[in-house]
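Enquirer: Structure provided below as structure tokens; questions to follow.
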Amino acid sequence: MNICRTKAELKRLIAECRKDGLSVGFVPTMGFLHEGHASLLRKSKTENDVTVLSIFVNPLQFGPNEDLESYPRDENRDIALAQENGTDIVFIPSVHEMYPEKPLTTVIVNQITDRLCGASRPGHFDGVGTVVSKLFHLVQPDRAYFGMKDAQQVAVIQKMADDLNFPVKIVACPIVREPDGLALSSRNVYLSADHRQQAVVLSRTLQEAEKRLADPDITVERLLALVKQQIGKAGDAVIDYVELLYYPNLQLPEASAKIQTLRQPLLLALAVKFGATRLIDNKIFDAAEVNEYVQNDDEIEAASGNRNGSEPELCR
Ligand SMILES: Nc1ncnc2c1ncn2[C@@H]1O[C@H](COP(=O)(O)OP(=O)(O)OP(=O)(O)O)[C@@H](O)[C@H]1O
Ligand SMILES: CC(C)(CO)[C@@H](O)C(=O)[O-]
Ligand code: BAL
């Protein structure tokens with residue numbers, strides 16, 4: 001496994017891969033790796049000759065009062081996990097290497113960033129779009145792997161790639177969870193033992209919400225009220241947002257609409273704070289459609305004309 005810290009070294013390694021006609025899969029992360037990241041690396045390894053991992057805590061996507069300084073870091077452990085999961089190249093740049101000067105260019109994806117984390121974390125997706133653009137230019141991946149835990153991020157990156165003609169296939173991968181359902185996240189490490197237990201309410205509530213959809217009369221506003229009520233039962237949970245939106249365009253359905261009458265897929269997304277720790281989780285409703293992406297890959301690719309302008313590929 002090659003570990004590189006400079007753009008020049010990364011470019012040299014990528015040029016070698018290209019010269020040899022090797023396909024490149026890319027997994028961008030902020031490090032403090034866990035099994036969710038490992039699942040992306042393994043997926044890339046099955047689909048590409050070479051897998052590149054980046055580890056970079058990107059200051060541009062953090063707000064002034066967010067956890068940039070305290071964001072968990074453990075480079076040695078990350079390198080070991082990368083190696084165990086078949087990574088070929090790890091790119092670990094410094095902030096100065098990525099931003100030698102204050103950038104005057106920002107990649108802004110409008111509209112689908114108006115809600116959810118885009119609203120709660122102003123400027124966050126400008127930072128994500130900008131750094132992912134830079135990384136795509138450096139790595140020139142054939143495929144790039146993102147987790148559906150950050151469902152809005154997947155939609156934003158897919159739209160950016162379509163709008164700016166990045167020649168990359170965006171592969172959206174399923175959320176990896178702890179045995180009790182909590183979505184893996186680097187930030188889980190911040191949770192006290194008590195909050196860790198309470199945080200199970202997120203995945204449980206999403207599961208219960210899915211069951212509620214069996215009721216043909218349940219409306220958007222009723223479902224959201226039930227979800228908020230359920231989360232509120234966890235003593236210290238403070239809701240940032242609970243929203244049901246069309247996916248991936250992230251538009252709002254009518255609050256009074258019966259959910260069974262709505263076009264799908266729909267995204268039920270949550271952001272909840274336990275003390276200072278903000279966690280996100282979500283569920284896509286319309287498993288049938290999600291499975292179709294997986295099972296009829298060739299048909300969908302053919303039908304959507306190499307997928308440009310369409311949904312990200314959703315993988316198992
Ligand atoms: N539980 C998970 N299952 C699948 N993918 C995940 C999971 N957690 C993170 N990822 C994906 O890994 C990539 C890198 O994410 P990141 O490094 O921010 O990790 P994270 O655990 O989401 O951290 P944070 O606590 O900051 O949200 C993203 O595409 C993200 O969606
Ligand atoms: C995609 C990403 C690595 C960009 O910094 C980050 O937003 C993340 O880890 O999801
Ligand atoms: N996975 C999202 C990165 C962030 O919270 O900034």
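Following the order of the structure tokens, chains are lettered A, B, ..., residues in each are numbered from 1, and ligands are numbered from 1.
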From a DSSP calculation on the backbone, collect every residue of range 37-276 of chain A in strand (DSSP E) and output the set as a PyMOL selection string.

Expert: chain A and resi 50-55+89-91+143-147+169-173+237-246+266-274

Enquirer: Using only C-alpha atoms and all ligand atoms, what are the residues with an atom within 7 Å of ligand 3, set out as a list in words?

Expert: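 Result of the 7 Å neighbour search around ligand 3: Gln61, Phe62 and Asp150 of chain A.
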
Enquirer: Going by DSSP on the backbone, which bits of range 116-163 of chain A are alpha helix (DSSP H)? Write them as a count of residues only, please.

Expert: 34

Enquirer: For ligand 1, list the contacting residues at 9 Å or closer, counting only C-alpha atoms and all ligand atoms, as JSON, numbers by chain.

Expert: {"A": [27, 28, 29, 30, 31, 32, 33, 34, 35, 36, 37, 38, 39, 40, 55, 56, 57, 71, 72, 145, 146, 147, 148, 149, 150, 151, 153, 154, 172, 173, 174, 175, 176, 177, 178, 182, 183, 184, 185, 186, 187, 188, 189, 278, 279, 280, 281]}

Enquirer: I need the residue nearest ligand 2 from this list: A:Lys19, A:Lys273, A:Lys134, A:Lys258. Use only C-alpha atoms and all ligand atoms for the distance.

Expert: A:Lys134

Enquirer: I'd like to know which of A:Tyr190, A:Tyr246, A:Phe91, A:Phe125 is closest to ligand 2, using only C-alpha atoms and all ligand atoms.

Expert: A:Phe125

Enquirer: I'd like to know which of A:Gly118, A:Gly21, A:Pro179, A:Gly127 is closest to ligand 2, using only C-alpha atoms and all ligand atoms.

Expert: A:Gly127

Enquirer: Which residue gives the smallest distance to Thr261 in chain A among A:Asp215, A:Glu47, A:Asp236, A:Asp163, with only C-alpha atoms counted?

Expert: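 Of the candidates, the smallest distance to Thr261 in chain A is held by A:Asp215.
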